[in-house]
$ cat target-v8.cif   # mmCIF, C-alpha atoms and all ligand atoms
data_entry
loop_
_atom_site.label_atom_id
_atom_site.label_comp_id
_atom_site.auth_asym_id
_atom_site.auth_seq_id
_atom_site.Cartn_x
_atom_site.Cartn_y
_atom_site.Cartn_z
CA MET T 1 -23.28 -0.07 -4.36
CA PRO T 2 -22.59 -3.32 -6.25
CA SER T 3 -19.64 -5.27 -4.99
CA ALA T 4 -17.75 -8.23 -6.35
CA PRO T 5 -19.40 -11.46 -5.26
CA THR T 6 -17.40 -13.75 -2.99
CA LYS T 7 -16.83 -16.90 -4.97
CA LEU T 8 -14.93 -19.24 -2.73
CA TYR T 9 -14.27 -22.79 -3.78
CA ALA T 10 -13.12 -23.70 -0.31
CA ASP T 11 -13.08 -21.78 2.93
CA ASP T 12 -9.40 -21.95 3.58
CA VAL T 13 -7.88 -21.31 0.16
CA SER T 14 -5.77 -18.17 -0.08
CA LEU T 15 -4.86 -15.99 -3.01
CA LEU T 16 -2.30 -13.64 -1.57
CA VAL T 17 -0.81 -10.68 -3.42
CA VAL T 18 2.33 -9.54 -1.57
CA LEU T 19 3.84 -6.09 -2.16
CA LEU T 20 7.52 -6.05 -1.21
CA ASP T 21 9.30 -2.78 -0.54
CA THR T 22 12.68 -2.75 -2.30
CA ASN T 23 13.38 0.97 -1.87
CA PRO T 24 17.19 1.33 -1.52
CA PHE T 25 16.79 4.56 0.53
CA PHE T 26 14.96 2.63 3.23
CA TRP T 27 17.11 -0.51 3.17
CA SER T 28 20.35 1.48 3.46
CA THR T 29 19.17 2.80 6.84
CA SER T 30 17.24 -0.20 8.16
CA SER T 31 18.47 -2.22 11.14
CA LEU T 32 17.30 -5.39 9.38
CA PRO T 33 19.48 -6.23 6.34
CA PHE T 34 17.59 -6.77 3.08
CA SER T 35 18.96 -10.33 2.74
CA LYS T 36 17.60 -11.28 6.20
CA PHE T 37 14.29 -9.66 5.33
CA LEU T 38 14.10 -11.73 2.15
CA SER T 39 14.80 -14.97 3.99
CA HIS T 40 11.91 -14.20 6.42
CA VAL T 41 9.59 -13.38 3.52
CA LEU T 42 10.59 -16.42 1.43
CA SER T 43 9.94 -18.75 4.38
CA PHE T 44 6.57 -17.09 4.83
CA LEU T 45 5.67 -17.48 1.12
CA ASN T 46 6.72 -21.13 1.20
CA SER T 47 4.60 -21.74 4.29
CA ILE T 48 1.55 -20.23 2.54
CA LEU T 49 2.03 -22.62 -0.37
CA LEU T 50 2.45 -25.53 2.06
CA LEU T 51 -0.78 -24.74 3.93
CA ASN T 52 -2.88 -25.73 0.93
CA GLN T 53 -1.71 -27.05 -2.42
CA ILE T 54 -4.10 -24.79 -4.31
CA ASN T 55 -3.04 -21.67 -2.44
CA GLN T 56 -1.69 -19.06 -4.80
CA ILE T 57 0.77 -16.22 -4.24
CA VAL T 58 1.71 -13.26 -6.40
CA VAL T 59 4.64 -11.02 -5.49
CA ILE T 60 4.96 -7.43 -6.68
CA ALA T 61 8.13 -5.45 -5.98
CA THR T 62 7.65 -1.81 -4.99
CA GLY T 63 10.66 0.24 -5.97
CA CYS T 64 11.42 3.90 -5.75
CA ASN T 65 10.33 4.77 -9.29
CA SER T 66 8.71 1.64 -10.61
CA CYS T 67 6.99 -1.56 -9.61
CA ASP T 68 6.65 -4.95 -11.27
CA TYR T 69 5.43 -8.52 -10.84
CA VAL T 70 8.30 -10.69 -9.66
CA TYR T 71 6.54 -13.98 -8.93
CA ASP T 72 3.24 -15.71 -9.66
CA SER T 73 2.87 -19.24 -8.31
CA SER T 74 0.16 -20.04 -10.89
CA LEU T 75 2.64 -19.43 -13.70
CA SER T 76 5.50 -21.25 -12.04
CA THR T 77 6.34 -24.21 -14.26
CA ASN T 78 8.78 -25.95 -12.00
CA PRO T 79 7.49 -26.43 -8.47
CA GLY T 80 9.58 -28.29 -5.92
CA ILE T 81 13.29 -28.61 -5.49
CA GLU T 82 15.53 -29.17 -8.48
CA ASN T 83 18.64 -31.30 -7.87
CA GLY T 84 19.22 -30.10 -4.34
CA LYS T 85 19.38 -26.46 -5.41
CA LEU T 86 17.17 -23.70 -4.05
CA PRO T 87 13.41 -24.34 -4.32
CA ALA T 88 11.93 -23.01 -7.56
CA LEU T 89 10.07 -20.25 -5.74
CA CYS T 90 13.26 -18.84 -4.24
CA SER T 91 15.46 -19.01 -7.34
CA GLU T 92 12.77 -17.64 -9.67
CA LEU T 93 11.74 -14.85 -7.32
CA LEU T 94 15.29 -13.83 -6.41
CA LYS T 95 16.36 -13.64 -10.02
CA LYS T 96 13.42 -11.48 -11.08
CA LEU T 97 13.82 -9.35 -7.96
CA GLU T 98 17.48 -8.73 -8.77
CA ASP T 99 16.59 -7.69 -12.34
CA PHE T 100 13.91 -5.41 -10.98
CA VAL T 101 16.16 -3.72 -8.42
CA THR T 102 18.80 -3.06 -11.12
CA ARG T 103 16.20 -1.55 -13.47
CA ASP T 104 14.71 0.59 -10.70
CA GLU T 105 18.16 1.87 -9.75
CA GLN T 106 18.86 2.88 -13.36
CA LEU T 107 15.56 4.73 -13.52
CA ASN T 108 16.45 6.46 -10.27
CA LYS T 109 19.82 7.56 -11.65
CA GLN T 110 18.22 8.87 -14.86
CA GLN T 111 15.66 10.80 -12.86
CA SER T 112 18.16 12.32 -10.47
CA GLN T 113 20.33 13.39 -13.43
CA SER T 114 17.41 15.08 -15.15
CA GLN T 115 16.40 16.81 -11.91
CA SER T 116 19.87 17.72 -10.70
CA GLN T 117 19.87 21.25 -12.18
CA SER T 118 17.60 23.17 -9.85
CA LEU T 119 14.95 20.97 -8.26
CA PRO T 120 15.09 19.54 -4.72
CA PRO T 121 16.35 15.93 -4.29
CA THR T 122 14.17 13.09 -5.56
CA THR T 123 11.64 11.53 -3.28
CA THR T 124 12.72 8.73 -0.95
CA SER T 125 9.31 7.08 -0.62
CA SER T 126 8.31 3.93 -2.51
CA LEU T 127 5.84 3.85 -5.37
CA LEU T 128 3.14 2.23 -3.22
CA SER T 129 0.30 3.70 -5.28
CA GLY T 130 1.66 1.93 -8.37
CA SER T 131 2.05 -1.49 -6.78
CA LEU T 132 -1.37 -1.23 -5.10
CA SER T 133 -2.91 -0.48 -8.49
CA MET T 134 -1.11 -3.46 -10.03
CA ALA T 135 -2.34 -5.72 -7.22
CA LEU T 136 -5.91 -4.49 -7.78
CA CYS T 137 -5.64 -5.09 -11.53
CA TYR T 138 -4.56 -8.63 -10.76
CA THR T 139 -7.48 -9.20 -8.38
CA GLN T 140 -9.90 -7.83 -10.98
CA ARG T 141 -8.54 -10.32 -13.48
CA VAL T 142 -9.14 -13.08 -10.93
CA PHE T 143 -12.72 -11.89 -10.35
CA ARG T 144 -13.40 -12.00 -14.09
CA SER T 145 -11.67 -15.34 -14.67
CA GLY T 146 -14.77 -17.42 -14.06
CA PRO T 147 -17.07 -18.56 -11.29
CA LEU T 148 -14.47 -20.54 -9.34
CA HIS T 149 -11.55 -18.82 -7.66
CA PRO T 150 -10.37 -18.09 -4.13
CA HIS T 151 -11.07 -14.66 -2.68
CA PRO T 152 -7.91 -12.53 -2.96
CA ARG T 153 -6.24 -10.42 -0.30
CA ILE T 154 -3.30 -8.01 -0.44
CA LEU T 155 -0.36 -7.82 1.98
CA CYS T 156 1.91 -4.75 1.95
CA VAL T 157 5.29 -5.35 3.54
CA GLN T 158 6.47 -1.77 3.63
CA GLY T 159 9.35 0.03 5.30
CA SER T 160 9.61 3.40 3.52
CA SER T 161 7.76 6.39 4.85
CA ASP T 162 4.62 7.67 3.12
CA GLY T 163 4.94 9.84 0.03
CA PRO T 164 2.30 12.56 0.51
CA GLU T 165 2.41 13.26 -3.26
CA GLN T 166 0.80 9.83 -3.78
CA TYR T 167 -2.11 10.58 -1.43
CA VAL T 168 -4.86 10.81 -4.07
CA ALA T 169 -3.71 7.73 -6.01
CA ILE T 170 -3.39 5.66 -2.83
CA MET T 171 -6.79 6.72 -1.48
CA ASN T 172 -8.37 5.83 -4.85
CA SER T 173 -6.75 2.38 -4.68
CA ILE T 174 -7.98 1.92 -1.12
CA PHE T 175 -11.57 2.77 -2.08
CA SER T 176 -11.33 0.50 -5.09
CA ALA T 177 -10.15 -2.38 -2.86
CA GLN T 178 -12.96 -1.64 -0.41
CA ARG T 179 -15.51 -1.75 -3.22
CA SER T 180 -14.30 -5.13 -4.48
CA MET T 181 -14.03 -6.36 -0.87
CA VAL T 182 -10.31 -7.10 -1.08
CA PRO T 183 -8.72 -6.63 2.37
CA ILE T 184 -5.34 -4.88 2.49
CA ASP T 185 -3.11 -6.22 5.27
CA SER T 186 -0.10 -4.13 6.25
CA CYS T 187 3.12 -5.19 7.90
CA TYR T 188 5.01 -1.94 8.46
CA ILE T 189 8.69 -2.38 9.30
CA GLY T 190 9.76 1.29 9.21
CA SER T 191 10.46 3.46 12.22
CA ASN T 192 7.23 5.48 12.46
CA ASN T 193 3.73 4.30 11.61
CA SER T 194 2.45 4.66 8.07
CA ALA T 195 -0.76 6.69 7.93
CA PHE T 196 -1.51 5.43 4.41
CA LEU T 197 -1.29 1.77 5.38
CA GLN T 198 -3.20 2.34 8.63
CA GLN T 199 -6.02 3.87 6.61
CA ALA T 200 -5.79 1.16 3.92
CA SER T 201 -6.18 -1.67 6.44
CA TYR T 202 -8.83 0.15 8.47
CA ILE T 203 -11.03 0.97 5.46
CA THR T 204 -10.72 -2.43 3.76
CA GLY T 205 -11.04 -4.54 6.94
CA GLY T 206 -7.45 -5.83 6.85
CA VAL T 207 -4.90 -6.10 9.64
CA TYR T 208 -2.24 -3.43 10.28
CA GLN T 209 0.75 -4.44 12.32
CA LYS T 210 4.11 -2.94 13.12
CA PRO T 211 6.41 -5.70 14.41
CA GLN T 212 8.35 -4.67 17.52
CA GLN T 213 11.19 -7.15 16.93
CA LEU T 214 12.29 -7.30 13.31
CA ASP T 215 14.41 -10.40 14.06
CA GLY T 216 11.17 -12.29 14.49
CA LEU T 217 9.55 -11.00 11.31
CA PHE T 218 8.71 -14.52 10.11
CA GLN T 219 6.83 -15.14 13.37
CA TYR T 220 4.67 -12.06 12.85
CA LEU T 221 4.06 -12.89 9.18
CA SER T 222 3.11 -16.50 9.83
CA THR T 223 0.95 -15.96 12.90
CA VAL T 224 -0.94 -12.89 11.72
CA PHE T 225 -0.81 -12.59 7.95
CA ALA T 226 -0.94 -16.27 6.95
CA THR T 227 -4.47 -16.48 8.34
CA ASP T 228 -6.98 -17.03 5.54
CA LEU T 229 -10.07 -14.83 5.34
CA HIS T 230 -12.48 -17.53 6.54
CA SER T 231 -10.43 -18.39 9.66
CA ARG T 232 -10.24 -14.71 10.61
CA THR T 233 -13.85 -14.87 11.80
CA PHE T 234 -12.81 -17.28 14.58
CA LEU T 235 -9.54 -15.65 15.59
CA GLN T 236 -8.54 -12.58 17.57
CA LEU T 237 -6.09 -10.87 15.26
CA PRO T 238 -4.27 -7.75 16.46
CA LYS T 239 -6.32 -4.59 16.20
CA SER T 240 -4.64 -1.30 15.51
CA VAL T 241 -4.60 1.01 18.52
CA GLY T 242 -5.09 4.19 16.56
CA VAL T 243 -5.38 5.24 12.95
CA ASP T 244 -3.78 8.41 11.62
CA PHE T 245 -6.57 9.84 9.46
CA ARG T 246 -4.68 12.92 8.34
CA ALA T 247 -4.91 13.81 4.67
CA SER T 248 -2.54 15.55 2.27
CA CYS T 249 -3.54 18.84 0.68
CA PHE T 250 -4.00 18.75 -3.09
CA CYS T 251 -2.15 22.03 -3.60
CA HIS T 252 1.22 21.32 -1.95
CA LYS T 253 0.92 17.55 -1.19
CA LYS T 254 1.67 18.21 2.47
CA THR T 255 0.14 16.26 5.36
CA ILE T 256 -2.25 18.55 7.22
CA ASP T 257 -4.27 18.39 10.46
CA MET T 258 -6.96 20.88 9.39
CA GLY T 259 -7.84 22.21 6.01
CA TYR T 260 -10.50 23.36 3.56
CA ILE T 261 -12.60 20.86 1.59
CA CYS T 262 -14.35 21.57 -1.70
CA SER T 263 -18.01 20.77 -1.07
CA VAL T 264 -18.44 19.66 -4.70
CA CYS T 265 -15.53 17.28 -5.37
CA LEU T 266 -14.09 16.81 -1.81
CA SER T 267 -10.61 18.05 -2.79
CA ILE T 268 -8.57 19.11 0.24
CA PHE T 269 -6.61 22.37 0.47
CA CYS T 270 -4.39 23.73 3.22
CA LYS T 271 -5.39 27.37 2.51
CA HIS T 272 -8.58 29.07 1.44
CA HIS T 273 -8.82 29.37 -2.32
CA LYS T 274 -11.28 31.40 -4.36
CA LYS T 275 -11.70 28.60 -6.86
CA CYS T 276 -11.28 24.81 -6.60
CA SER T 277 -8.28 23.80 -8.70
CA THR T 278 -9.77 20.32 -9.27
CA CYS T 279 -13.35 20.96 -10.35
CA GLY T 280 -13.39 24.73 -10.88
CA SER T 281 -16.16 25.50 -8.36
CA VAL T 282 -16.09 29.09 -7.10
CA PHE T 283 -16.15 29.37 -3.30
CA GLY T 284 -17.58 32.07 -1.08
CA GLN T 285 -15.44 33.74 1.54
CA ALA T 286 -13.96 31.75 4.42
CA GLN T 287 -16.07 31.74 7.62
CA SER T 288 -13.64 33.87 9.59
CA ASP T 289 -13.49 36.47 6.81
CA VAL T 290 -17.31 36.61 6.62
CA ALA T 291 -17.57 36.96 10.40
CA SER T 292 -15.05 39.78 10.55
CA ALA T 293 -16.69 41.47 7.56
CA SER T 294 -20.14 41.38 9.22
CA ASN T 295 -18.62 42.68 12.46
CA LEU T 296 -17.18 45.55 10.52
CA LYS T 297 -20.54 46.24 8.90
CA ARG T 298 -22.28 46.22 12.25
CA LYS T 299 -19.69 48.53 13.71
CA THR T 300 -19.74 51.01 10.87
CA PRO T 301 -23.09 52.75 11.64
CA GLU T 302 -22.17 53.20 15.33
CA THR T 303 -18.98 55.11 14.61
ZN ZN T 401 -1.50 23.01 0.27
ZN ZN T 402 -13.83 20.96 -6.23
#
$ encode --input "target-v8.cif" --output "structure tokens"
Amino acid sequence: MPSAPTKLYADDVSLLVVLLDTNPFFWSTSSLPFSKFLSHVLSFLNSILLLNQINQIVVIATGCNSCDYVYDSSLSTNPGIENGKLPALCSELLKKLEDFVTRDEQLNKQQSQSQSQSLPPTTTSSLLSGSLSMALCYTQRVFRSGPLHPHPRILCVQGSSDGPEQYVAIMNSIFSAQRSMVPIDSCYIGSNNSAFLQQASYITGGVYQKPQQLDGLFQYLSTVFATDLHSRTFLQLPKSVGVDFRASCFCHKKTIDMGYICSVCLSIFCKHHKKCSTCGSVFGQAQSDVASASNLKRKTPET
């Protein structure tokens, strides 16, 4: 399988794409206020830029219904501090983030109005599949930009729970990242572990961590996720204790422990189907049905 060549112009240069969870459903229940979270993240982003002057960061906001680029240090025209105000990174990022959150909220209202008649309430998970795809598009652009560029990595700072309906899109993004050798790091700040992010980091060779103390979020970010890819070979970064490999069925988008897999296209179903809804392959009978049918046949002549 061909993979994107690693074209580093120095060992320790980072190109970090950060995905920030702005889902209001999560932040309204979180013990860590969104403003505190932002101050941890902004300090972390500043420290990345301080580590090396050619380090680059891109920030993508992951909302409930949409996602968008909110900051790109390579496009930032005004680095440094202007007249004692906030540093350019903070003011630019916060302004775009505010615009994004307002737009996402409007979309959410429109969607809940259109669904309010009969359907169940709208999903409370973030659009992680969308922001992962955007991050991968960005990294592809970097790969094609010329022979000299740092090797990119992605960091998901996520708090919302997984949306099983995004299973296929997220798995496709994960395999795409694996193929282009872009590690996905995950800092999960929600209450339970995220199976999607555990799998993403495991498959792409990134680091998954769930901070125990959210007050010290900056400490976790700077000690674990600021590490550039070259230095990781010399360091003992936290390893995840277990990975939840459960999949979601394609028919009902529910997380399942055991299921049926189409041997042609690898679609997953929670129940036995006569025909694969993805590729149209016709299946034989399930094993248990065949066994009971042959038992019946064997028994018939005796009686
Ligand atoms: Zn199902
Ligand atoms: Zn199939």
$ atom_distance --input "target-v8.cif" --atom1 "atom CA of Pro150 of chain T" --atom2 "atom CA of Ser39 of chain T"
26.6 Å
$ residues_around --input "target-v8.cif" --residues "Ala61 of chain T" --least-positions-apart "6" --cutoff "8 Å" --atoms "only C-alpha atoms" --output "list in words"
Leu19, Leu20, Asp21, Thr22, Cys67, Asp68, Tyr69, Val70, Leu97, Phe100 and Ser131 of chain T
$ residues_near_ligand --input "target-v8.cif" --ligand "ligand ZN 401 (chain T)" --cutoff "8 Å" --atoms "all atoms listed in the file" --output "list in words"
Ser248, Cys249, Phe250, Cys251, His252, Lys253, Lys254, Phe269, Cys270 and Lys271 of chain T
$ closest_residue --input "target-v8.cif" --among "T:Thr233, T:Ser43, T:Ser31, T:Ser176" --to "Asp215 of chain T" --atoms "all atoms listed in the file"
T:Ser31
$ residues_near_ligand --input "target-v8.cif" --ligand "ligand ZN 402 (chain T)" --cutoff "8 Å" --atoms "all atoms listed in the file" --output "ChimeraX atom specification"
/T:261-267,275-281
$ residues_around --input "target-v8.cif" --residues "Ala195 of chain T" --least-positions-apart "5" --cutoff "8 Å" --atoms "only C-alpha atoms" --output "MDAnalysis selection string"
chainID T and resid 162 243:246
$ atom_distance --input "target-v8.cif" --atom1 "atom CA of Gly216 of chain T" --atom2 "atom CA of Ser231 of chain T"
23.0 Å
$ closest_residue --input "target-v8.cif" --among "T:Leu94, T:Cys187, T:Cys64, T:Leu38" --to "Gly163 of chain T" --atoms "all atoms listed in the file"
T:Cys64
$ atom_distance --input "target-v8.cif" --atom1 "atom CA of Asp72 of chain T" --atom2 "atom CA of Thr124 of chain T"
27.6 Å
$ residues_around --input "target-v8.cif" --residues "Asp104 of chain T" --least-positions-apart "3" --cutoff "9 Å" --atoms "all atoms listed in the file" --output "PDB file with C-alpha atoms, in the coordinates of the input"
ATOM      1  CA  ASN T  23      13.380   0.970  -1.870  1.00  0.00           C
ATOM      2  CA  GLY T  63      10.660   0.240  -5.970  1.00  0.00           C
ATOM      3  CA  CYS T  64      11.420   3.900  -5.750  1.00  0.00           C
ATOM      4  CA  ASN T  65      10.330   4.770  -9.290  1.00  0.00           C
ATOM      5  CA  SER T  66       8.710   1.640 -10.610  1.00  0.00           C
ATOM      6  CA  CYS T  67       6.990  -1.560  -9.610  1.00  0.00           C
ATOM      7  CA  ASP T  99      16.590  -7.690 -12.340  1.00  0.00           C
ATOM      8  CA  PHE T 100      13.910  -5.410 -10.980  1.00  0.00           C
ATOM      9  CA  VAL T 101      16.160  -3.720  -8.420  1.00  0.00           C
ATOM     10  CA  LEU T 107      15.560   4.730 -13.520  1.00  0.00           C
ATOM     11  CA  ASN T 108      16.450   6.460 -10.270  1.00  0.00           C
ATOM     12  CA  LYS T 109      19.820   7.560 -11.650  1.00  0.00           C
TER      13      LYS T 109
END
$ closest_residue --input "target-v8.cif" --among "T:Ser114, T:Asn52, T:Ser191, T:Thr62" --to "Thr29 of chain T" --atoms "all atoms listed in the file"
T:Ser191
$ residues_near_point --input "target-v8.cif" --point "(-2.9, -8.3, -3.8)" --cutoff "10 Å" --atoms "only C-alpha atoms" --output "list in words"
Leu15, Leu16, Val17, Val18, Leu19, Ile57, Val58, Val59, Ile60, Ser131, Leu132, Ser133, Met134, Ala135, Leu136, Cys137, Tyr138, Thr139, Pro152, Arg153, Ile154, Leu155, Cys156, Ala177, Val182, Pro183, Ile184 and Asp185 of chain T
$ residues_around --input "target-v8.cif" --residues "Lys210 of chain T" --least-positions-apart "3" --cutoff "10 Å" --atoms "all atoms listed in the file" --output "MDAnalysis selection string"
chainID T and resid 157:159 186:194 213:214 217 220 240
$ closest_residue --input "target-v8.cif" --among "T:Ser145, T:Ser30, T:Asn55, T:Ser201" --to "Met171 of chain T" --atoms "only C-alpha atoms"
T:Ser201
$ axis_aligned_box --input "target-v8.cif" --around "segment 161-167 of chain T" --padding-each-side "6 Å" --output "JSON"
{"center_x": 2.8, "center_y": 9.8, "center_z": 0.5, "size_x": 21.9, "size_y": 18.9, "size_z": 20.6}
$ closest_residue --input "target-v8.cif" --among "T:Gln110, T:Asn172, T:Ser180, T:Thr102" --to "Phe143 of chain T" --atoms "all atoms listed in the file"
T:Ser180
$ closest_residue --input "target-v8.cif" --among "T:Val41, T:Leu32, T:Ile268, T:Ile170" --to "Phe218 of chain T" --atoms "only C-alpha atoms"
T:Val41
$ decode --input "target-v8.cif" --residues "segment 18-97 of chain T" --atoms "C-alpha atoms" --output "CSV table (one decimal), in the first residue's frame"
chain,number,residue,atom,x,y,z
T,18,VAL,CA,-6.4,20.7,16.8
T,19,LEU,CA,-10.1,19.8,16.8
T,20,LEU,CA,-11.9,21.6,19.6
T,21,ASP,CA,-15.3,20.4,20.8
T,22,THR,CA,-17.7,23.3,21.2
T,23,ASN,CA,-20.9,21.2,21.6
T,24,PRO,CA,-23.2,23.2,23.9
T,25,PHE,CA,-24.9,20.0,25.1
T,26,PHE,CA,-21.6,18.8,26.6
T,27,TRP,CA,-20.4,22.2,27.9
T,28,SER,CA,-23.7,22.8,29.7
T,29,THR,CA,-23.1,19.7,31.8
T,30,SER,CA,-19.3,19.7,32.2
T,31,SER,CA,-17.6,20.4,35.5
T,32,LEU,CA,-15.0,22.5,33.7
T,33,PRO,CA,-16.4,25.8,32.4
T,34,PHE,CA,-15.9,26.4,28.6
T,35,SER,CA,-14.0,29.7,29.4
T,36,LYS,CA,-11.5,27.8,31.7
T,37,PHE,CA,-11.1,25.1,29.0
T,38,LEU,CA,-10.3,27.8,26.4
T,39,SER,CA,-7.7,29.4,28.6
T,40,HIS,CA,-6.0,26.0,29.1
T,41,VAL,CA,-6.1,25.3,25.3
T,42,LEU,CA,-4.9,28.8,24.3
T,43,SER,CA,-1.9,28.5,26.7
T,44,PHE,CA,-1.1,25.2,25.1
T,45,LEU,CA,-1.4,26.5,21.6
T,46,ASN,CA,0.9,29.5,22.5
T,47,SER,CA,3.4,27.1,24.0
T,48,ILE,CA,3.5,25.0,20.8
T,49,LEU,CA,4.3,28.2,18.8
T,50,LEU,CA,7.0,29.1,21.3
T,51,LEU,CA,8.7,25.7,21.1
T,52,ASN,CA,9.8,26.4,17.5
T,53,GLN,CA,9.3,29.5,15.5
T,54,ILE,CA,8.3,27.5,12.4
T,55,ASN,CA,5.8,25.3,14.3
T,56,GLN,CA,2.4,25.6,12.8
T,57,ILE,CA,-1.1,25.2,14.3
T,58,VAL,CA,-4.5,24.9,12.8
T,59,VAL,CA,-7.6,24.9,14.9
T,60,ILE,CA,-10.9,23.4,13.8
T,61,ALA,CA,-14.1,23.8,15.9
T,62,THR,CA,-16.3,20.8,16.1
T,63,GLY,CA,-19.9,21.9,16.7
T,64,CYS,CA,-23.1,20.0,17.0
T,65,ASN,CA,-24.2,20.4,13.4
T,66,SER,CA,-21.2,21.9,11.7
T,67,CYS,CA,-17.5,22.4,11.9
T,68,ASP,CA,-15.1,25.0,10.6
T,69,TYR,CA,-11.5,26.3,10.6
T,70,VAL,CA,-11.1,28.9,13.3
T,71,TYR,CA,-7.4,29.5,13.3
T,72,ASP,CA,-4.4,28.9,11.0
T,73,SER,CA,-1.1,30.3,12.3
T,74,SER,CA,0.4,30.2,8.7
T,75,LEU,CA,-2.3,32.7,7.6
T,76,SER,CA,-2.0,34.9,10.7
T,77,THR,CA,-0.8,38.3,9.5
T,78,ASN,CA,-0.2,39.9,12.9
T,79,PRO,CA,1.9,37.7,15.2
T,80,GLY,CA,2.8,39.0,18.6
T,81,ILE,CA,1.1,41.4,21.0
T,82,GLU,CA,-0.6,44.5,19.7
T,83,ASN,CA,-0.5,47.5,22.1
T,84,GLY,CA,-0.8,45.5,25.3
T,85,LYS,CA,-4.0,43.8,24.2
T,86,LEU,CA,-4.5,40.1,23.9
T,87,PRO,CA,-1.9,38.2,21.7
T,88,ALA,CA,-3.0,38.0,18.1
T,89,LEU,CA,-3.6,34.2,18.4
T,90,CYS,CA,-6.1,34.6,21.2
T,91,SER,CA,-8.1,37.6,19.8
T,92,GLU,CA,-8.3,36.1,16.3
T,93,LEU,CA,-9.2,32.6,17.5
T,94,LEU,CA,-11.7,33.8,20.0
T,95,LYS,CA,-13.5,36.0,17.6
T,96,LYS,CA,-13.8,33.3,14.9
T,97,LEU,CA,-14.8,30.8,17.6
